[in-house]
Amino acid sequence: MAAQTYIAISELHPNFSHPKVAGIIIGKTDVKSFPDRKNIGMDRFTFGFTVKDSPDFFINVTAWGNDEYINGLSSSFSIGDCVIIENPLVANKDPEKGDRFCPTTPSLYRLLVTEAHSQVCLCADMDTNDRLLPLIHLPVKDSRDFYSLGDIVANGQRLDGAVINILAAVKLIGEPKQFTTSDRRKGQRLEVKLFDDSVSSFPLVCWDREAIQLVQTLIPKETDTREASVLFSYAKEASESGALDQDEKSEDETVDSITDVYTVSQLKKKAQENPETFFGITYSFISKLDLDSSVSKVIRTRCSRCKFQVTEDVHSCTNQFCPGRDEAFSATSGFDLLVDFTDHTGTLHSCTLRSPVAEKTLGCTTEEFTSLTDDQRTAMKWKFLLERCKIYIKILPSTKTKSGIRGVVLACSLADPGEVKQHMSALLHRL
């Protein structure tokens with residue numbers, strides 16, 4: 001079927017008879033049901049979707065009908081599919097009713113689909129598909145019309161209930177969680193952590209099944225569009241530097257929730273088999289701890305806003321993506337160590353041990369450390385060096401290390417000998 005037989009969304013009008021529209025699905029809600037006022041005891045079912053047929057035009061579509069029709073129609077296409085909509089009702093928007101809960105569109109109208117009058121099917125015309133598919137990657141809003149995460153944090157109360165646009169990078173994608181409402185309806189939710197150059201971690205909750213599935217296809221710390229290219233560079237640089245690790249304190253990632261115990265070789269093996277972030281406990285010896293190096297190698301200064309390392313004598317951040325480059329410069333100093341852990345199975349090199357974890361581990365603040373003599377620093381080093389420690393560690397992939405992984409210490413203390421014996425015995429039985 002030739003593309004020119006379709007009516008463009010920009011040209012739709014209620015006076016058209018039997019319109020036929022081709023577009024790509026860019027949004028879709030879950031099926032919902034409501035009591036049918038005309039048929040007591042029966043329910044009416046509905047769901048909505050949004051179709052786009054050009055870089056500038058898209059329109060909302062609402063489907064109504066019985067359980068079998070609506071659920072069947074909903075399962076027949078997904079976000080990213082190209083569809084043909086035949087004979088929908090073209091209606092004026094009603095901002096006081098249903099359209100209040102739909103995406104804002106440039107069209108003056110909305111489309112209604114019913115089993116008796118309309119048909120929606122996947123587009124089989126390859127030329128039309130080739131024309132429509134690239135549209136899924138184009139933002140539906142002006143790419144400069146967005147709130148930064150810092151804006152949202154600063155204006156949270158004023159924005160309560162508002163519909164806004166966000167440009168951000170994906171930091172973490174959680175696991176979908178199922179729930180049942182008080183009226184026994186089943187639902188699902190998924191939390192995504194976003195970040196940009198103003199905020200290092202910001203929660204976004206997805207509720208609709210299609211939105212959850214779409215989000216799960218995203219690759220954390222990657223993105224596109226021209227404005228996003230700068231953010232993309234920041235995401236890569238921040239990820240590799242470890243600057244994001246300091247502020248991430250998800251409730252699911254607290255030390256108390258980490259229970260799995262690993263040998264060093266098991267940590268490496270798991271990281272190689274599944275290159276995703278995970279957490280664990282290891283009872284290992286600290287085999288490298290350079291506390292008696294120069295203070296500048298033990299304590300480092302970082303920009304307060306973007307967490308990038310700076311030298312003490314500079315008066316501005318050298319990170320070109322820092323959100324505060326045009327503002328008064330402020331910096332914080334803290335322990336910034338690379339330590340090695342060793343057990344009978346091998347060594348995990350260059351794990352990050354930073355403040356405030358380092359201060360708690362060493363029992364010493366940075367101010368106290370700088371006042372110690374060389375002998376006192378060496379004595380502190382040997383308190384831990386070659387001692388068995390209980391180490392809570394975060395393992396994540398890294399392109400900048402030879403092993404391809406990086407460890408971040410979340411907590412570290414001298415291990416209880418009885419506890420070590422118990423866990424090492426259990427580990428030996430597992431091997």
# chains A, B, ... in the order shown; residues from 1 in each chain; ligands from 1

call {"tool": "residues_around", "arguments": {"residues": "range 214-221 of chain A", "least_positions_apart": "3", "cutoff": "9 Å", "atoms": "only C-alpha atoms", "output": "PDB file with N, CA and C atoms, in the first residue's frame"}}
result
ATOM      1  N   ILE A  79       5.285  -0.452  21.856  1.00  0.00           N
ATOM      2  CA  ILE A  79       6.056   0.748  21.544  1.00  0.00           C
ATOM      3  C   ILE A  79       7.163   0.377  20.558  1.00  0.00           C
ATOM      4  N   ALA A 169      20.741  11.262  32.064  1.00  0.00           N
ATOM      5  CA  ALA A 169      21.358   9.973  31.727  1.00  0.00           C
ATOM      6  C   ALA A 169      20.873   8.927  32.720  1.00  0.00           C
ATOM      7  N   VAL A 170      20.797   7.686  32.257  1.00  0.00           N
ATOM      8  CA  VAL A 170      20.380   6.575  33.112  1.00  0.00           C
ATOM      9  C   VAL A 170      21.594   6.068  33.885  1.00  0.00           C
ATOM     10  N   LYS A 171      21.466   6.021  35.208  1.00  0.00           N
ATOM     11  CA  LYS A 171      22.556   5.552  36.059  1.00  0.00           C
ATOM     12  C   LYS A 171      22.373   4.086  36.434  1.00  0.00           C
ATOM     13  N   LEU A 172      21.201   3.743  36.923  1.00  0.00           N
ATOM     14  CA  LEU A 172      20.901   2.370  37.325  1.00  0.00           C
ATOM     15  C   LEU A 172      19.470   2.027  36.932  1.00  0.00           C
ATOM     16  N   ILE A 173      19.239   0.778  36.546  1.00  0.00           N
ATOM     17  CA  ILE A 173      17.893   0.292  36.257  1.00  0.00           C
ATOM     18  C   ILE A 173      17.584  -0.795  37.270  1.00  0.00           C
ATOM     19  N   GLY A 174      16.535  -0.589  38.063  1.00  0.00           N
ATOM     20  CA  GLY A 174      16.185  -1.557  39.094  1.00  0.00           C
ATOM     21  C   GLY A 174      15.471  -2.772  38.526  1.00  0.00           C
ATOM     22  N   LEU A 190       8.810   0.005  38.420  1.00  0.00           N
ATOM     23  CA  LEU A 190      10.255  -0.144  38.261  1.00  0.00           C
ATOM     24  C   LEU A 190      10.892   1.211  38.534  1.00  0.00           C
ATOM     25  N   VAL A 192      14.097   3.699  38.287  1.00  0.00           N
ATOM     26  CA  VAL A 192      15.323   3.993  37.547  1.00  0.00           C
ATOM     27  C   VAL A 192      16.027   5.144  38.246  1.00  0.00           C
ATOM     28  N   PHE A 195      20.839  10.591  36.385  1.00  0.00           N
ATOM     29  CA  PHE A 195      21.792  11.604  36.831  1.00  0.00           C
ATOM     30  C   PHE A 195      22.076  12.558  35.676  1.00  0.00           C
ATOM     31  N   CYS A 206       8.586   4.064  36.995  1.00  0.00           N
ATOM     32  CA  CYS A 206       7.755   3.715  35.835  1.00  0.00           C
ATOM     33  C   CYS A 206       6.673   2.752  36.295  1.00  0.00           C
ATOM     34  N   ARG A 209       3.395  -1.133  31.970  1.00  0.00           N
ATOM     35  CA  ARG A 209       4.193  -2.280  31.552  1.00  0.00           C
ATOM     36  C   ARG A 209       5.078  -1.956  30.339  1.00  0.00           C
ATOM     37  N   GLU A 210       4.503  -1.254  29.365  1.00  0.00           N
ATOM     38  CA  GLU A 210       5.276  -0.935  28.154  1.00  0.00           C
ATOM     39  C   GLU A 210       6.425   0.027  28.457  1.00  0.00           C
ATOM     40  N   ALA A 211       6.179   0.979  29.350  1.00  0.00           N
ATOM     41  CA  ALA A 211       7.244   1.913  29.733  1.00  0.00           C
ATOM     42  C   ALA A 211       8.366   1.164  30.437  1.00  0.00           C
ATOM     43  N   PHE A 232      26.317  12.976  27.569  1.00  0.00           N
ATOM     44  CA  PHE A 232      26.880  11.648  27.320  1.00  0.00           C
ATOM     45  C   PHE A 232      28.360  11.618  27.695  1.00  0.00           C
ATOM     46  N   ALA A 235      28.615  11.593  31.356  1.00  0.00           N
ATOM     47  CA  ALA A 235      28.237  10.295  31.911  1.00  0.00           C
ATOM     48  C   ALA A 235      29.402   9.321  31.839  1.00  0.00           C
ATOM     49  N   LYS A 236      30.078   9.286  30.683  1.00  0.00           N
ATOM     50  CA  LYS A 236      31.208   8.378  30.513  1.00  0.00           C
ATOM     51  C   LYS A 236      32.354   8.737  31.454  1.00  0.00           C
ATOM     52  N   SER A 239      31.412   8.095  35.122  1.00  0.00           N
ATOM     53  CA  SER A 239      31.334   6.664  35.395  1.00  0.00           C
ATOM     54  C   SER A 239      32.715   6.060  35.577  1.00  0.00           C
TER      55      SER A 239
END

call {"tool": "residues_around", "arguments": {"residues": "range 34-45 of chain A", "least_positions_apart": "4", "cutoff": "6 Å", "atoms": "only C-alpha atoms", "output": "mmCIF file with C-alpha atoms, in the first residue's frame"}}
result
data_model
loop_
_atom_site.group_PDB
_atom_site.id
_atom_site.type_symbol
_atom_site.label_atom_id
_atom_site.label_comp_id
_atom_site.auth_asym_id
_atom_site.auth_seq_id
_atom_site.Cartn_x
_atom_site.Cartn_y
_atom_site.Cartn_z
ATOM 1 C CA TRP A 64 -12.678 1.410 24.105
ATOM 2 C CA GLY A 65 -14.492 -1.917 24.158
ATOM 3 C CA ASN A 66 -15.056 -5.203 25.964
ATOM 4 C CA ASP A 67 -12.414 -7.236 27.777
#

call {"tool": "closest_residue", "arguments": {"among": "A:Gly418, A:Pro14, A:Pro103, A:Gly187", "to": "Lys32 in chain A", "atoms": "only C-alpha atoms"}}
result
A:Gly187

call {"tool": "residues_around", "arguments": {"residues": "Asn165 in chain A", "least_positions_apart": "4", "cutoff": "10 Å", "atoms": "only C-alpha atoms", "output": "list in words"}}
result
Val140, Lys141, Asp142, Ser143, Arg144, Asp145, Phe146, Tyr147 and Ser148 of chain A

call {"tool": "write_last_selection", "arguments": {"atoms": "all heavy atoms", "output": "compact mmCIF listing (two decimals), in the first residue's frame"}}
result
# COMPACT_ATOMS: atom_id res chain seq x y z
N VAL A 140 9.98 14.19 21.19
CA VAL A 140 8.70 14.79 20.79
C VAL A 140 8.61 16.24 21.24
O VAL A 140 7.65 16.93 20.93
CB VAL A 140 7.50 14.00 21.37
CG1 VAL A 140 7.46 12.60 20.79
CG2 VAL A 140 7.58 13.94 22.90
N LYS A 141 9.60 16.68 22.00
CA LYS A 141 9.65 18.06 22.46
C LYS A 141 10.92 18.73 21.93
O LYS A 141 11.87 18.06 21.53
CB LYS A 141 9.67 18.11 24.00
CG LYS A 141 8.43 17.50 24.65
CD LYS A 141 7.22 18.37 24.43
CE LYS A 141 6.01 17.81 25.19
NZ LYS A 141 4.83 18.65 25.02
N ASP A 142 10.91 20.05 21.94
CA ASP A 142 12.13 20.79 21.63
C ASP A 142 13.23 20.29 22.56
O ASP A 142 13.06 20.24 23.78
CB ASP A 142 11.88 22.29 21.86
CG ASP A 142 13.07 23.16 21.43
OD1 ASP A 142 14.22 22.70 21.60
OD2 ASP A 142 12.83 24.26 20.94
N SER A 143 14.36 19.87 21.98
CA SER A 143 15.41 19.25 22.80
C SER A 143 16.03 20.22 23.80
O SER A 143 16.81 19.81 24.66
CB SER A 143 16.50 18.68 21.90
OG SER A 143 17.09 19.70 21.12
N ARG A 144 15.68 21.52 23.71
CA ARG A 144 16.16 22.49 24.70
C ARG A 144 15.11 22.79 25.77
O ARG A 144 15.37 23.51 26.72
CB ARG A 144 16.55 23.79 24.00
CG ARG A 144 17.72 23.65 23.04
CD ARG A 144 17.77 24.79 22.05
NE ARG A 144 16.59 24.77 21.19
CZ ARG A 144 16.36 25.63 20.20
NH1 ARG A 144 17.23 26.59 19.97
NH2 ARG A 144 15.28 25.54 19.46
N ASP A 145 13.92 22.19 25.60
CA ASP A 145 12.80 22.46 26.52
C ASP A 145 12.75 21.36 27.58
O ASP A 145 11.99 20.39 27.46
CB ASP A 145 11.49 22.52 25.73
CG ASP A 145 10.28 22.70 26.64
OD1 ASP A 145 10.46 23.14 27.79
OD2 ASP A 145 9.16 22.38 26.20
N PHE A 146 13.59 21.49 28.61
CA PHE A 146 13.60 20.46 29.64
C PHE A 146 14.07 21.06 30.96
O PHE A 146 14.66 22.13 31.01
CB PHE A 146 14.52 19.30 29.24
CG PHE A 146 15.96 19.68 29.05
CD1 PHE A 146 16.83 19.72 30.13
CD2 PHE A 146 16.45 20.01 27.79
CE1 PHE A 146 18.16 20.08 29.97
CE2 PHE A 146 17.78 20.37 27.61
CZ PHE A 146 18.64 20.41 28.71
N TYR A 147 13.77 20.34 32.02
CA TYR A 147 14.27 20.68 33.35
C TYR A 147 15.52 19.85 33.62
O TYR A 147 15.55 18.66 33.31
CB TYR A 147 13.24 20.34 34.42
CG TYR A 147 12.18 21.39 34.64
CD1 TYR A 147 11.10 21.52 33.77
CD2 TYR A 147 12.23 22.25 35.73
CE1 TYR A 147 10.12 22.47 33.97
CE2 TYR A 147 11.25 23.20 35.95
CZ TYR A 147 10.20 23.31 35.06
OH TYR A 147 9.23 24.25 35.27
N SER A 148 16.52 20.46 34.21
CA SER A 148 17.63 19.66 34.72
C SER A 148 17.18 19.04 36.04
O SER A 148 16.20 19.51 36.67
CB SER A 148 18.87 20.53 34.94
OG SER A 148 18.68 21.38 36.07

call {"tool": "residues_around", "arguments": {"residues": "Cys303 in chain A", "least_positions_apart": "5", "cutoff": "7 Å", "atoms": "only C-alpha atoms", "output": "PyMOL selection string"}}
result
chain A and resi 308-310+317+330-332
